Structures are given as structure tokens and as C-alpha cells.
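Down below is the structure, laid out as C-alpha cells.
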Amino acid sequence: MENVWILAAQALEYAGAFHNRSSVKTVYVYGEVVEPEKKIIYPGDIIQMKNVKLQYTKGNGIYTETMDHHTAIVFKVIGKGDFEIAHQNTSFSGRKVGKSTLRLEDIKGGKLIFYRPILK
């Protein structure tokens, strides 16, 4: 397993849920695609990010983050479009699993795909 998705893969395997990694290294399928504009996002849903650029304000500063190819799990739903996510291989937690906030309104570019795990 590649480090970019090991957290999601292990969570799916533990839950007995479907996941399929295609032969193309950057394509992952974790279940049913869920559009956050149309359906409720739940803890345990998985987010696949591709060339995502975030820009947000924290304190008196404006911060920008980029995620070229990244996978995260929705850990907690704070509100509509506002999530606490669990992920690894980040600048703040390294290979260990860490948590951070993801607000859809902070996304300035790239693509997010939300997946709802499907039991095998």
C-alpha cells in the first residue's frame, strides 16, 4: 500500500467495506460518490483530493495550503461544508495520523471527491 492512502484503506478493510485501487496510481475508488451539495456528509466518508488549493484566515494571517494528491477521512461534521478530517502524510503530523479542519468555502481550486463506503 502506498502511504498516500493507507489510513483510508485500513479503515475500509477494518469496517469490511469495498475499496478498489485502479491500475492507474492516482485513481482510487472508496465506494459511492457523494456530492456534498446534494447529500449529507457523514463521519467515515472519505475524501480524495486532487490539486486542491486552500486559502484561509487564522488569527491575523492568511494561509495557503496545496494538496496535489491526498486522501482524508471525515472524522467529524462541524456544520454544512465544515469538517474535521483525519489524515496522514501532512506537514504538521508527518506519517502519523493527525486531524485538521476542512471548510469547503476555503477551497480555491482543484477537485474533491467524497465517497461513502459500501460494505462488501
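Ligands are numbered from 1 in the order shown, residues from 1 within each chain, and chains are lettered A, B, ... in the order they appear in the C-alpha cells.
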
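Shell of Asp82 of chain A at 6 Å, with only C-alpha atoms counted and residues fewer than 4 places along the chain excluded, is A:Ile78, A:Leu102, A:Arg103.
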
Can you tell me which residues surround segment 107-110 of chain A at a distance of at most 12 Å, considering only C-alpha atoms, apart from same-chain residues fewer than 3 positions away, and format the answer as JSON, numbers by chain?
{"A": [48, 49, 50, 51, 52, 53, 54, 55, 56, 63, 64, 65, 66, 67, 68, 69, 70, 81, 82, 102, 103, 104, 113]}

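Here atom CA of Glu32 of chain A and atom CA of Gly44 of chain A stand 12.5 Å from one another.
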
List the neighbours of Glu37 of chain A out to 10 Å using only C-alpha atoms; skip same-chain residues closer than 3 positions along the sequence, and give me the result as a list of chain:residue names.
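My list of contacting residues is A:Val34, A:Ile40, A:Ile41, A:Lys80, A:Gly81.
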
Rounded to one decimal in Å, what is the spacing between atom CA of Lys99 of chain A and atom CA of Lys58 of chain A?
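Value for the atom CA of Lys99 of chain A-atom CA of Lys58 of chain A distance: 16.2 Å.
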
Provide the atom CA of Pro36 of chain A to atom CA of Asn60 of chain A distance in Å, to one decimal place.
29.7 Å
